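Okay, coords.cif is below, mmCIF, C-alpha atoms:
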```
data_coords
#
loop_
_atom_site.label_atom_id
_atom_site.label_comp_id
_atom_site.auth_asym_id
_atom_site.auth_seq_id
_atom_site.Cartn_x
_atom_site.Cartn_y
_atom_site.Cartn_z
CA MET Y 22 -7.13 17.74 -17.68
CA ALA Y 23 -4.88 14.70 -17.98
CA THR Y 24 -1.73 14.62 -15.89
CA THR Y 25 1.71 14.39 -17.45
CA PRO Y 26 2.66 10.69 -17.71
CA SER Y 27 5.16 9.54 -15.07
CA PRO Y 28 7.43 6.83 -16.52
CA ARG Y 29 8.22 5.30 -13.13
CA PRO Y 30 6.79 5.56 -9.62
CA PRO Y 31 8.12 8.58 -7.67
CA MET Y 32 10.90 7.89 -5.15
CA GLY Y 33 12.19 10.10 -2.37
CA TRP Y 34 12.17 11.13 1.29
CA ASN Y 35 9.38 12.66 3.37
CA SER Y 36 9.80 14.29 6.77
CA TRP Y 37 6.58 12.97 8.40
CA ASP Y 38 7.68 9.70 10.02
CA SER Y 39 10.70 11.35 11.64
CA TYR Y 40 9.59 14.89 12.39
CA GLY Y 41 5.81 15.12 12.15
CA THR Y 42 4.78 18.76 11.95
CA SER Y 43 8.07 20.13 13.26
CA VAL Y 44 10.83 19.58 10.69
CA THR Y 45 13.40 22.36 10.25
CA GLU Y 46 15.29 23.66 7.24
CA GLN Y 47 18.54 22.23 8.60
CA GLU Y 48 17.01 18.77 8.93
CA VAL Y 49 15.55 18.89 5.42
CA LEU Y 50 18.93 19.86 3.98
CA ALA Y 51 20.75 17.15 5.94
CA ASN Y 52 18.45 14.53 4.42
CA ALA Y 53 18.73 16.07 0.97
CA GLU Y 54 22.53 16.03 1.13
CA PHE Y 55 22.51 12.40 2.28
CA MET Y 56 20.13 11.46 -0.52
CA ALA Y 57 22.23 13.21 -3.15
CA GLU Y 58 25.37 11.39 -2.02
CA HIS Y 59 24.03 7.92 -1.22
CA LEU Y 60 20.66 7.38 -2.93
CA LEU Y 61 20.34 9.61 -6.00
CA PRO Y 62 22.45 7.18 -8.11
CA PHE Y 63 19.78 4.55 -7.38
CA GLY Y 64 16.84 6.72 -8.48
CA TRP Y 65 15.81 8.42 -5.22
CA ASP Y 66 15.39 12.05 -6.20
CA THR Y 67 12.60 13.87 -4.30
CA VAL Y 68 12.67 15.61 -0.90
CA VAL Y 69 9.29 16.48 0.66
CA VAL Y 70 8.55 18.81 3.59
CA ASP Y 71 5.42 17.45 5.23
CA ILE Y 72 2.54 19.18 7.03
CA ASP Y 73 2.34 22.41 9.06
CA TRP Y 74 5.46 24.13 7.74
CA ALA Y 75 3.61 27.41 8.35
CA ASP Y 76 3.12 26.81 12.09
CA PRO Y 77 5.71 28.45 14.40
CA THR Y 78 4.26 26.49 17.36
CA ALA Y 79 4.57 23.06 15.72
CA ARG Y 80 5.40 20.20 18.09
CA ALA Y 81 5.61 16.43 18.28
CA HIS Y 82 2.46 14.33 18.75
CA GLY Y 83 -0.30 16.26 17.07
CA TYR Y 84 -1.65 19.55 15.77
CA ASN Y 85 -2.26 22.88 17.48
CA ALA Y 86 -5.76 24.37 17.46
CA ASP Y 87 -5.76 28.07 16.57
CA ALA Y 88 -2.11 27.89 15.50
CA PRO Y 89 -0.74 31.31 14.44
CA LEU Y 90 0.04 30.21 10.89
CA GLU Y 91 2.22 32.39 8.69
CA LEU Y 92 0.05 33.95 5.96
CA ASP Y 93 0.57 36.53 3.25
CA GLU Y 94 -1.86 39.34 2.45
CA HIS Y 95 -3.85 37.03 0.16
CA GLY Y 96 -4.40 34.30 2.74
CA ARG Y 97 -1.73 31.98 1.37
CA LEU Y 98 0.46 29.97 3.74
CA LEU Y 99 4.13 30.88 4.07
CA PRO Y 100 6.92 28.88 5.71
CA ASP Y 101 7.60 29.70 9.35
CA PRO Y 102 10.88 31.69 9.22
CA GLY Y 103 11.80 30.42 12.68
CA ARG Y 104 12.16 26.86 11.38
CA PHE Y 105 12.99 27.88 7.79
CA PRO Y 106 15.29 30.90 8.10
CA SER Y 107 15.80 31.25 4.34
CA ALA Y 108 12.06 31.97 4.01
CA ALA Y 109 12.41 35.31 5.82
CA GLY Y 110 11.36 38.47 4.04
CA GLY Y 111 8.67 36.75 1.99
CA ALA Y 112 11.13 34.49 0.13
CA GLY Y 113 9.03 31.44 0.92
CA PHE Y 114 10.48 28.08 0.00
CA GLY Y 115 12.33 29.53 -2.98
CA PRO Y 116 15.81 29.54 -1.39
CA LEU Y 117 15.41 26.03 0.10
CA ALA Y 118 14.10 24.67 -3.21
CA ALA Y 119 17.11 26.19 -4.97
CA LYS Y 120 19.50 24.42 -2.57
CA VAL Y 121 17.71 21.10 -3.11
CA HIS Y 122 17.79 21.59 -6.88
CA ALA Y 123 21.51 22.36 -6.75
CA LEU Y 124 22.00 18.85 -5.32
CA GLY Y 125 20.31 17.37 -8.39
CA LEU Y 126 17.08 16.65 -6.49
CA ARG Y 127 13.45 17.68 -6.75
CA PHE Y 128 11.65 19.64 -4.02
CA GLY Y 129 8.20 18.91 -2.64
CA ILE Y 130 5.86 20.21 0.07
CA HIS Y 131 2.69 19.08 1.82
CA THR Y 132 -0.51 21.07 1.32
CA MET Y 133 -4.08 20.81 2.58
CA ARG Y 134 -7.45 21.02 0.88
CA GLY Y 135 -9.27 24.29 1.50
CA ILE Y 136 -8.34 27.74 2.80
CA PRO Y 137 -6.73 28.59 6.18
CA ARG Y 138 -9.06 29.48 9.04
CA GLY Y 139 -6.83 32.46 9.73
CA ALA Y 140 -7.47 33.78 6.21
CA VAL Y 141 -11.22 33.44 6.72
CA GLU Y 142 -11.08 35.17 10.11
CA ARG Y 143 -9.09 38.07 8.63
CA ASP Y 144 -11.23 37.97 5.47
CA THR Y 145 -8.17 38.36 3.29
CA PRO Y 146 -8.68 39.33 -0.36
CA ILE Y 147 -8.26 36.61 -2.96
CA LEU Y 148 -5.62 37.49 -5.49
CA GLY Y 149 -6.98 38.49 -8.90
CA THR Y 150 -10.61 38.82 -7.73
CA ASP Y 151 -12.92 41.16 -5.86
CA ALA Y 152 -13.81 38.33 -3.46
CA THR Y 153 -12.55 37.63 0.04
CA ALA Y 154 -11.80 34.46 1.96
CA SER Y 155 -15.07 34.39 3.89
CA GLN Y 156 -17.04 34.46 0.64
CA VAL Y 157 -15.50 31.22 -0.67
CA ALA Y 158 -15.24 29.32 2.62
CA ASP Y 159 -17.45 26.28 3.15
CA PRO Y 160 -17.75 25.50 6.88
CA THR Y 161 -19.84 22.37 6.11
CA ASN Y 162 -16.87 20.54 4.53
CA VAL Y 163 -14.04 20.74 7.05
CA CYS Y 164 -11.15 18.33 7.67
CA GLU Y 165 -11.99 16.10 10.62
CA TRP Y 166 -8.40 15.57 11.82
CA ASN Y 167 -6.56 18.86 11.23
CA PRO Y 168 -7.77 22.20 12.63
CA ASP Y 169 -5.99 24.56 10.22
CA MET Y 170 -8.31 24.72 7.22
CA VAL Y 171 -11.89 25.38 6.13
CA GLY Y 172 -13.39 23.88 2.97
CA LEU Y 173 -13.94 25.83 -0.25
CA ASP Y 174 -17.31 26.44 -1.89
CA HIS Y 175 -16.67 25.53 -5.52
CA THR Y 176 -19.91 27.10 -6.69
CA GLN Y 177 -18.02 30.38 -6.19
CA PRO Y 178 -15.57 31.13 -9.04
CA ALA Y 179 -13.17 32.79 -6.59
CA ALA Y 180 -12.59 29.39 -4.95
CA GLN Y 181 -10.73 28.31 -8.07
CA ALA Y 182 -8.92 31.63 -8.06
CA TYR Y 183 -7.68 30.93 -4.54
CA TYR Y 184 -6.20 27.58 -5.59
CA ASP Y 185 -4.77 29.25 -8.70
CA SER Y 186 -3.03 31.84 -6.54
CA THR Y 187 -1.55 29.30 -4.14
CA LEU Y 188 -0.25 27.07 -6.92
CA ALA Y 189 1.22 30.07 -8.72
CA LEU Y 190 3.12 30.85 -5.52
CA TYR Y 191 4.40 27.27 -5.17
CA ALA Y 192 5.50 27.26 -8.82
CA GLN Y 193 7.32 30.55 -8.22
CA TRP Y 194 9.17 28.90 -5.33
CA GLY Y 195 10.26 26.04 -7.59
CA VAL Y 196 8.10 23.27 -6.12
CA ASP Y 197 8.18 20.02 -8.13
CA PHE Y 198 5.96 17.76 -6.03
CA LEU Y 199 2.85 18.29 -3.91
CA LYS Y 200 1.49 15.90 -1.31
CA THR Y 201 -2.03 17.26 -1.00
CA ASP Y 202 -4.04 16.03 1.94
CA ASP Y 203 -7.67 15.63 3.02
CA MET Y 204 -8.62 14.81 -0.58
CA LEU Y 205 -9.56 11.13 -0.56
CA TRP Y 206 -11.50 10.47 2.68
CA PRO Y 207 -14.16 11.43 1.99
CA TYR Y 208 -13.53 11.66 -1.76
CA GLN Y 209 -13.39 15.38 -2.64
CA ALA Y 210 -13.89 15.29 -6.41
CA ALA Y 211 -14.46 19.04 -6.83
CA ASP Y 212 -11.30 19.92 -4.92
CA ILE Y 213 -9.23 17.34 -6.80
CA GLU Y 214 -10.37 18.81 -10.11
CA ALA Y 215 -9.81 22.41 -9.01
CA TYR Y 216 -6.36 21.63 -7.63
CA ALA Y 217 -5.26 19.80 -10.77
CA ARG Y 218 -6.58 22.67 -12.87
CA ALA Y 219 -4.58 25.15 -10.80
CA ILE Y 220 -1.41 23.09 -11.26
CA ALA Y 221 -1.93 23.00 -15.03
CA ARG Y 222 -2.35 26.78 -15.10
CA THR Y 223 1.08 27.33 -13.54
CA GLY Y 224 2.80 25.93 -16.61
CA ARG Y 225 5.22 24.10 -14.32
CA PRO Y 226 5.36 20.28 -14.29
CA ILE Y 227 4.34 19.54 -10.69
CA GLU Y 228 3.52 15.98 -9.62
CA LEU Y 229 0.39 15.66 -7.48
CA SER Y 230 0.09 13.08 -4.69
CA LEU Y 231 -3.31 12.69 -3.03
CA SER Y 232 -3.93 11.53 0.57
CA PRO Y 233 -4.99 9.97 2.92
CA GLY Y 234 -6.55 7.03 1.04
CA ARG Y 235 -8.75 5.46 3.69
CA ASP Y 236 -11.58 3.38 2.14
CA LEU Y 237 -10.62 4.32 -1.44
CA SER Y 238 -12.73 2.59 -4.09
CA LEU Y 239 -11.43 1.34 -7.42
CA THR Y 240 -14.41 3.04 -9.06
CA ARG Y 241 -12.41 6.27 -8.72
CA LEU Y 242 -9.57 5.02 -10.94
CA ASP Y 243 -10.31 7.01 -14.10
CA HIS Y 244 -10.85 10.23 -12.15
CA LEU Y 245 -7.62 9.72 -10.22
CA ARG Y 246 -5.62 9.00 -13.36
CA GLU Y 247 -6.97 12.13 -15.01
CA HIS Y 248 -6.00 14.45 -12.17
CA ALA Y 249 -3.10 13.03 -10.11
CA THR Y 250 0.30 11.40 -10.37
CA MET Y 251 -0.22 9.11 -7.35
CA TRP Y 252 -2.87 8.43 -4.75
CA ARG Y 253 -2.86 6.77 -1.37
CA ILE Y 254 -4.73 3.48 -1.01
CA CYS Y 255 -4.52 3.33 2.80
CA ASP Y 256 -4.46 5.45 5.92
CA ASP Y 257 -1.14 6.37 7.54
CA LEU Y 258 1.22 3.39 7.71
CA TRP Y 259 3.53 2.89 10.67
CA ASP Y 260 6.24 0.42 11.72
CA ARG Y 261 3.83 -2.35 12.74
CA TRP Y 262 3.44 -5.73 11.05
CA GLU Y 263 -0.35 -5.38 11.04
CA ASP Y 264 -0.05 -2.19 8.96
CA VAL Y 265 2.19 -3.91 6.42
CA GLU Y 266 0.04 -7.04 6.22
CA ALA Y 267 -3.16 -5.03 5.67
CA ASN Y 268 -1.74 -3.60 2.44
CA PHE Y 269 -1.40 -7.00 0.77
CA ALA Y 270 -5.11 -7.06 -0.08
CA ARG Y 271 -5.10 -3.41 -1.15
CA PHE Y 272 -2.15 -3.83 -3.47
CA ALA Y 273 -3.67 -6.99 -4.95
CA ARG Y 274 -6.67 -4.85 -5.93
CA TRP Y 275 -4.77 -1.77 -7.16
CA ALA Y 276 -1.39 -2.90 -8.56
CA PRO Y 277 -2.72 -4.18 -11.91
CA PHE Y 278 -3.69 -0.58 -12.68
CA ALA Y 279 -0.34 1.02 -11.79
CA GLY Y 280 1.50 2.62 -14.68
CA GLU Y 281 2.64 5.84 -16.27
CA HIS Y 282 -0.87 7.29 -16.01
CA GLY Y 283 -0.91 7.00 -12.22
CA TRP Y 284 0.51 5.12 -9.24
CA PRO Y 285 -1.46 3.60 -6.34
CA ASP Y 286 0.49 4.50 -3.20
CA GLY Y 287 0.87 2.31 -0.10
CA ASP Y 288 2.19 5.29 1.91
CA MET Y 289 5.65 6.07 3.19
CA LEU Y 290 8.23 3.50 4.20
CA PRO Y 291 8.60 3.82 8.01
CA LEU Y 292 12.16 2.51 7.89
CA GLY Y 293 15.28 3.59 9.76
CA ARG Y 294 15.41 6.23 12.47
CA ILE Y 295 11.86 7.50 12.97
CA GLY Y 296 9.72 9.13 15.67
CA ILE Y 297 12.30 11.82 16.46
CA ARG Y 298 9.56 14.44 16.85
CA ALA Y 299 6.83 12.52 15.13
CA GLU Y 300 3.06 12.53 15.33
CA ARG Y 301 3.22 8.91 16.54
CA GLY Y 302 5.67 7.25 18.92
CA GLU Y 303 8.91 8.21 20.59
CA PRO Y 304 12.37 8.38 18.96
CA ARG Y 305 13.30 4.89 17.80
CA ASP Y 306 14.72 2.70 15.12
CA ASP Y 307 11.72 1.26 13.34
CA LEU Y 308 10.10 -1.67 15.15
CA LEU Y 309 9.92 -4.01 12.16
CA THR Y 310 12.12 -7.10 12.12
CA PRO Y 311 14.79 -7.40 9.40
CA ALA Y 312 12.54 -9.88 7.59
CA GLU Y 313 9.54 -7.54 7.85
CA ARG Y 314 11.58 -4.68 6.35
CA VAL Y 315 12.40 -6.87 3.36
CA THR Y 316 8.72 -7.85 3.05
CA LEU Y 317 7.62 -4.21 3.16
CA LEU Y 318 10.06 -3.20 0.43
CA THR Y 319 9.39 -6.29 -1.67
CA LEU Y 320 5.63 -5.72 -1.66
CA TRP Y 321 5.92 -2.01 -2.46
CA VAL Y 322 8.44 -2.72 -5.24
CA VAL Y 323 6.55 -5.59 -6.90
CA ALA Y 324 3.31 -3.56 -6.70
CA ARG Y 325 5.18 -0.58 -8.18
CA SER Y 326 4.07 1.73 -5.40
CA PRO Y 327 5.78 5.09 -5.01
CA LEU Y 328 8.67 4.80 -2.54
CA MET Y 329 8.95 7.60 0.01
CA VAL Y 330 11.28 6.83 2.92
CA GLY Y 331 10.20 8.24 6.28
CA GLY Y 332 13.33 7.59 8.33
CA ASP Y 333 15.91 10.29 9.04
CA LEU Y 334 18.52 9.23 6.52
CA PRO Y 335 21.74 10.49 8.15
CA THR Y 336 20.99 8.71 11.46
CA SER Y 337 19.44 5.52 10.06
CA ASP Y 338 21.16 2.16 10.37
CA PRO Y 339 23.49 1.54 7.38
CA ALA Y 340 21.92 -1.89 6.87
CA THR Y 341 18.54 -0.23 6.33
CA VAL Y 342 20.03 2.29 3.93
CA ALA Y 343 21.66 -0.58 2.04
CA LEU Y 344 18.21 -2.03 1.35
CA LEU Y 345 17.44 1.16 -0.57
CA GLN Y 346 20.55 0.72 -2.75
CA ASN Y 347 19.79 -2.64 -4.35
CA ARG Y 348 19.93 -1.93 -8.09
CA ASP Y 349 18.46 -5.28 -9.11
CA VAL Y 350 15.43 -4.81 -6.85
CA LEU Y 351 14.92 -1.23 -8.04
CA ALA Y 352 15.13 -2.35 -11.67
CA LEU Y 353 11.97 -4.39 -11.05
CA HIS Y 354 10.31 -1.30 -9.56
CA ALA Y 355 11.31 0.92 -12.48
CA THR Y 356 10.73 -1.27 -15.52
CA SER Y 357 8.43 -4.23 -14.81
CA THR Y 358 4.94 -4.82 -16.22
CA GLY Y 359 2.03 -7.14 -15.53
CA ASN Y 360 2.58 -6.96 -11.77
CA ARG Y 361 -0.07 -8.93 -9.90
CA GLU Y 362 -0.83 -11.33 -7.10
CA VAL Y 363 -1.31 -14.83 -8.53
CA PHE Y 364 -1.70 -16.94 -5.39
CA ARG Y 365 -2.80 -16.50 -1.79
CA GLU Y 366 -3.57 -19.45 0.43
CA GLY Y 367 -3.01 -19.48 4.16
CA GLY Y 368 0.12 -17.48 4.81
CA LEU Y 369 1.74 -18.01 1.40
CA VAL Y 370 1.37 -15.17 -1.11
CA LEU Y 371 2.91 -15.15 -4.60
CA TRP Y 372 3.27 -12.24 -7.03
CA THR Y 373 4.64 -12.22 -10.57
CA ALA Y 374 5.84 -9.57 -13.01
CA GLN Y 375 7.65 -9.33 -16.32
CA GLY Y 376 10.85 -7.43 -17.00
CA PRO Y 377 12.54 -6.43 -20.26
CA ASP Y 378 14.32 -8.97 -22.49
CA GLY Y 379 12.40 -11.96 -21.24
CA VAL Y 380 13.15 -11.50 -17.54
CA ARG Y 381 10.47 -12.76 -15.16
CA TYR Y 382 10.06 -11.93 -11.48
CA VAL Y 383 8.47 -13.82 -8.60
CA ALA Y 384 7.87 -12.43 -5.10
CA ALA Y 385 7.12 -15.05 -2.43
CA PHE Y 386 5.80 -13.92 0.97
CA ASN Y 387 5.30 -15.76 4.24
CA LEU Y 388 2.66 -13.95 6.32
CA ASP Y 389 2.88 -16.47 9.15
CA ALA Y 390 4.90 -16.22 12.35
CA GLU Y 391 6.71 -19.52 11.64
CA PRO Y 392 9.30 -20.33 8.95
CA ARG Y 393 7.92 -21.76 5.73
CA HIS Y 394 9.61 -24.35 3.50
CA VAL Y 395 7.75 -24.90 0.26
CA ALA Y 396 8.18 -26.23 -3.26
CA VAL Y 397 6.46 -23.91 -5.73
CA ASP Y 398 5.47 -25.20 -9.15
CA ALA Y 399 7.35 -23.05 -11.68
CA ARG Y 400 4.29 -22.93 -13.92
CA ASP Y 401 2.21 -21.55 -11.03
CA VAL Y 402 4.37 -18.41 -11.17
CA GLY Y 403 4.76 -18.21 -14.94
CA LEU Y 404 8.34 -19.47 -15.23
CA PRO Y 405 9.37 -21.49 -18.29
CA VAL Y 406 10.16 -25.16 -17.81
CA SER Y 407 12.63 -27.37 -19.69
CA ALA Y 408 13.66 -31.00 -19.34
CA ASP Y 409 16.27 -29.92 -16.79
CA GLY Y 410 13.89 -27.86 -14.62
CA VAL Y 411 13.31 -24.12 -14.72
CA ASP Y 412 14.47 -22.78 -18.09
CA GLY Y 413 16.79 -19.99 -17.01
CA GLU Y 414 18.88 -18.72 -14.12
CA VAL Y 415 16.91 -17.99 -10.94
CA VAL Y 416 18.48 -15.62 -8.39
CA GLU Y 417 17.11 -14.20 -5.11
CA LEU Y 418 17.73 -10.46 -5.44
CA TRP Y 419 18.04 -9.44 -1.79
CA SER Y 420 20.76 -11.99 -1.06
CA GLY Y 421 22.17 -12.38 -4.55
CA GLU Y 422 22.12 -16.16 -4.07
CA PRO Y 423 20.95 -18.71 -6.66
CA VAL Y 424 17.66 -20.47 -5.94
CA ARG Y 425 17.54 -24.25 -5.87
CA THR Y 426 15.28 -25.61 -8.57
CA SER Y 427 14.67 -29.15 -9.77
CA ALA Y 428 12.97 -31.01 -12.57
CA VAL Y 429 10.14 -33.16 -11.20
CA ALA Y 430 9.93 -36.69 -12.63
CA VAL Y 431 7.90 -38.31 -9.88
CA GLN Y 432 5.71 -37.06 -7.08
CA SER Y 433 7.69 -36.82 -3.84
CA ASP Y 434 7.85 -34.99 -0.52
CA ASP Y 435 10.81 -33.00 -1.86
CA ALA Y 436 8.50 -31.30 -4.37
CA ARG Y 437 5.10 -31.88 -2.87
CA GLY Y 438 2.34 -30.33 -4.95
CA VAL Y 439 4.37 -30.25 -8.17
CA ALA Y 440 3.33 -32.70 -10.88
CA PRO Y 441 5.82 -34.76 -12.90
CA GLY Y 442 6.91 -32.91 -16.02
CA SER Y 443 7.10 -29.54 -14.30
CA ALA Y 444 9.81 -27.96 -12.14
CA ALA Y 445 10.02 -26.93 -8.50
CA LEU Y 446 11.38 -23.83 -6.84
CA HIS Y 447 12.58 -24.81 -3.38
CA LEU Y 448 11.97 -21.84 -1.08
CA SER Y 449 12.64 -21.25 2.61
CA ILE Y 450 11.04 -18.06 3.87
CA GLU Y 451 11.50 -16.50 7.31
CA PRO Y 452 8.53 -15.58 9.51
CA HIS Y 453 6.88 -12.47 8.03
CA GLY Y 454 9.59 -12.67 5.36
CA ALA Y 455 9.87 -12.47 1.60
CA LEU Y 456 12.01 -13.68 -1.29
CA LEU Y 457 12.31 -11.76 -4.54
CA LEU Y 458 13.33 -13.95 -7.48
CA ARG Y 459 14.51 -13.00 -10.95
CA CYS Y 460 14.51 -15.60 -13.70
CA SER Y 461 16.78 -14.59 -16.58
CA PRO Y 462 16.45 -16.47 -19.88
CA ALA Y 463 18.97 -19.21 -20.55
CA ALA Y 464 21.82 -18.11 -22.80
#
```
Step by step, read the file and then write its structure as structure tokens.
Amino acid sequence: MATTPSPRPPMGWNSWDSYGTSVTEQEVLANAEFMAEHLLPFGWDTVVVDIDWADPTARAHGYNADAPLELDEHGRLLPDPGRFPSAAGGAGFGPLAAKVHALGLRFGIHTMRGIPRGAVERDTPILGTDATASQVADPTNVCEWNPDMVGLDHTQPAAQAYYDSTLALYAQWGVDFLKTDDMLWPYQAADIEAYARAIARTGRPIELSLSPGRDLSLTRLDHLREHATMWRICDDLWDRWEDVEANFARFARWAPFAGEHGWPDGDMLPLGRIGIRAERGEPRDDLLTPAERVTLLTLWVVARSPLMVGGDLPTSDPATVALLQNRDVLALHATSTGNREVFREGGLVLWTAQGPDGVRYVAAFNLDAEPRHVAVDARDVGLPVSADGVDGEVVELWSGEPVRTSAVAVQSDDARGVAPGSAALHLSIEPHGALLLRCSPAA
């Protein structure tokens, strides 16, 4: 069953980088209110409660074996009413979703492949069937990193019925977005198909995000497009340069296939105030340099990855929040086509994309730990050339400053590597930094 086309990559906030398994209703609402006031006008519109919202013993730095998860009589997870008071009395996430919707935002939750161990131990009945949890459980296909769930045996029809019942519950709550985990490593084709089928049967348009993405092969592209809105192409990404740099090769492989029929996802943006009660690290402002933050955002934007901020928005540095409010940068993310890496030698990486009305974009990255000063041939990045140089106005979108260009009449050190008759873009890029250029056609 084909997914509903998504005209632009999803954008929002996810609780994982800040709160791990332990986020509370109050913290979710604080981030939703901040998003509605400061980021919704720029396209950020989704708030996601990440993993283990059913665990009353949730804590920082990991998962709890044998956690006393909240379950209903049909073995379906319910929000812990201690952390989510509005869920009391079986209301589930309905009241919280309604508050998020009232702010003009969409509401999402994290889910896991399979059926809870607690449901199997209690042998709860599966809604709409004569089967029970133990009859559909598959103990040979269990998540290696989270202790909460057991796999489902999809040779049993009641396995689909279990997914159908859980998705019906989420639709009843008003869920708009699902980050569904333990699907891609190893690649769980039967579960992906069953989960997408269950979403379709709700009749509610729910976007499906698949994780964790480790070792994902491009051979899966058609299957992913058929069943999901977005899919991770990497393992969890944290505020380390090596994590950011590793995604350059992945995005070069996947970005040409991004579009309304599915979005390769480089994971959340670990920007701002993170680690408050996280799975990894202590409370901190992210450890990336200012230049590395710009590089992270530039790569994700030019590759048209979904953008899910992980930092606690109300307590994040205003300068970091301001990066999320750049309309010109986000226009590239929302409307560009043909996005691809065109050059990578040493530490210099160049990407290009096209915008509407003849606009062209160039992203230039310096992966080295030293500043880079380079003259780039305009034709190497697809920019038009006239007798006067680059044919159009070239602006760097993060700074808003014009970019120095020149017509090249003779070979010289000022434009080394650019042949006479072309034009040079004169770029100075910080260590681990990036420039994002827009070339608008001449009037």
Nearby residues, (-2.3, -20.1, 2.7) file frame, 12 Å, only C-alpha atoms, as a PyMOL selection string: chain Y and resi 364-371+385-389+393+395
Exercise: Ala88 (chain Y) partners within 10 Å, all atoms listed in the file, chain neighbours under 5 positions left out, as a PyMOL selection string: chain Y and resi 73+75-79+138-139+168-169
Given the PyMOL selection byres ((chain Y and resi 101) around 7), the residues it picks as a list in words: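 Written out, the selection comes to Trp74, Ala75, Asp76, Pro77, Glu91, Leu99, Pro100, Pro102, Gly103, Arg104 and Phe105 of chain Y.
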Straight-line distance linking CA of Ser36 (chain Y) with CA of Asp333 (chain Y), stated in Å to one decimal: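 We find that CA of Ser36 (chain Y) and CA of Asp333 (chain Y) lie 7.6 Å from each other.
What the PyMOL selection byres ((chain Y and resi 286-291) around 6) grabs from this file is Y:Trp252, Y:Arg253, Y:Ile254, Y:Trp259, Y:Asp260, Y:Pro285, Y:Leu292, Y:Ser326, Y:Pro327, Y:Met329, Y:Val330, Y:Gly331.
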Requested write-out: C-alpha atoms of the selected residues, as a PDB file, in the coordinates of the input:
```
ATOM      1  CA  TRP Y 252      -2.870   8.430  -4.750  1.00  0.00           C
ATOM      2  CA  ARG Y 253      -2.860   6.770  -1.370  1.00  0.00           C
ATOM      3  CA  ILE Y 254      -4.730   3.480  -1.010  1.00  0.00           C
ATOM      4  CA  TRP Y 259       3.530   2.890  10.670  1.00  0.00           C
ATOM      5  CA  ASP Y 260       6.240   0.420  11.720  1.00  0.00           C
ATOM      6  CA  PRO Y 285      -1.460   3.600  -6.340  1.00  0.00           C
ATOM      7  CA  LEU Y 292      12.160   2.510   7.890  1.00  0.00           C
ATOM      8  CA  SER Y 326       4.070   1.730  -5.400  1.00  0.00           C
ATOM      9  CA  PRO Y 327       5.780   5.090  -5.010  1.00  0.00           C
ATOM     10  CA  MET Y 329       8.950   7.600   0.010  1.00  0.00           C
ATOM     11  CA  VAL Y 330      11.280   6.830   2.920  1.00  0.00           C
ATOM     12  CA  GLY Y 331      10.200   8.240   6.280  1.00  0.00           C
TER      13      GLY Y 331
END
```
Region 301-314 of chain Y surroundings by all atoms listed in the file, 6 Å radius, close-in-sequence under 5 positions cut, as a ChimeraX atom specification: /Y:82,260,292-296,453-454
Taking the file as shown, what set of residues would the PyMOL selection byres ((chain Y and resi 446) around 6) give back, as a PDB file with C-alpha atoms, in the frame of the given file?
```pdb
ATOM      1  CA  ALA Y 396       8.180 -26.230  -3.260  1.00  0.00           C
ATOM      2  CA  VAL Y 397       6.460 -23.910  -5.730  1.00  0.00           C
ATOM      3  CA  THR Y 426      15.280 -25.610  -8.570  1.00  0.00           C
ATOM      4  CA  ALA Y 445      10.020 -26.930  -8.500  1.00  0.00           C
ATOM      5  CA  HIS Y 447      12.580 -24.810  -3.380  1.00  0.00           C
TER       6      HIS Y 447
END
```
Separation of CA of Ile72 (chain Y) from CA of Leu318 (chain Y), in Å and rounded to one decimal: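 Separation of CA of Ile72 (chain Y) and CA of Leu318 (chain Y): 24.5 Å.
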Please identify all polymer residues within 10 Å of Tyr216 (chain Y), counting all atoms listed in the file, omitting same-chain residues fewer than 3 positions from it, and present them as an mmCIF file with C-alpha atoms, in the coordinates of the input.
```cif
data_model
loop_
_atom_site.group_PDB
_atom_site.id
_atom_site.type_symbol
_atom_site.label_atom_id
_atom_site.label_comp_id
_atom_site.auth_asym_id
_atom_site.auth_seq_id
_atom_site.Cartn_x
_atom_site.Cartn_y
_atom_site.Cartn_z
ATOM 1 C CA ARG Y 134 -7.450 21.020 0.880
ATOM 2 C CA GLY Y 135 -9.270 24.290 1.500
ATOM 3 C CA GLN Y 181 -10.730 28.310 -8.070
ATOM 4 C CA TYR Y 183 -7.680 30.930 -4.540
ATOM 5 C CA TYR Y 184 -6.200 27.580 -5.590
ATOM 6 C CA ASP Y 185 -4.770 29.250 -8.700
ATOM 7 C CA THR Y 187 -1.550 29.300 -4.140
ATOM 8 C CA LEU Y 188 -0.250 27.070 -6.920
ATOM 9 C CA THR Y 201 -2.030 17.260 -1.000
ATOM 10 C CA ALA Y 210 -13.890 15.290 -6.410
ATOM 11 C CA ALA Y 211 -14.460 19.040 -6.830
ATOM 12 C CA ASP Y 212 -11.300 19.920 -4.920
ATOM 13 C CA ILE Y 213 -9.230 17.340 -6.800
ATOM 14 C CA ALA Y 219 -4.580 25.150 -10.800
ATOM 15 C CA ILE Y 220 -1.410 23.090 -11.260
ATOM 16 C CA ALA Y 221 -1.930 23.000 -15.030
ATOM 17 C CA ARG Y 222 -2.350 26.780 -15.100
ATOM 18 C CA LEU Y 229 0.390 15.660 -7.480
ATOM 19 C CA HIS Y 248 -6.000 14.450 -12.170
ATOM 20 C CA ALA Y 249 -3.100 13.030 -10.110
#
```
Selection: 12 Å around Gly195 (chain Y), only C-alpha atoms, excl. self and same-chain fewer than 2 positions, as a PyMOL selection string: chain Y and resi 112-123+126-130+188-193+197-199+223-227
Gap from CA of Gly379 (chain Y) to CA of Ser461 (chain Y) - Å, one decimal: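 That distance, rounded to one decimal, is 6.9 Å.
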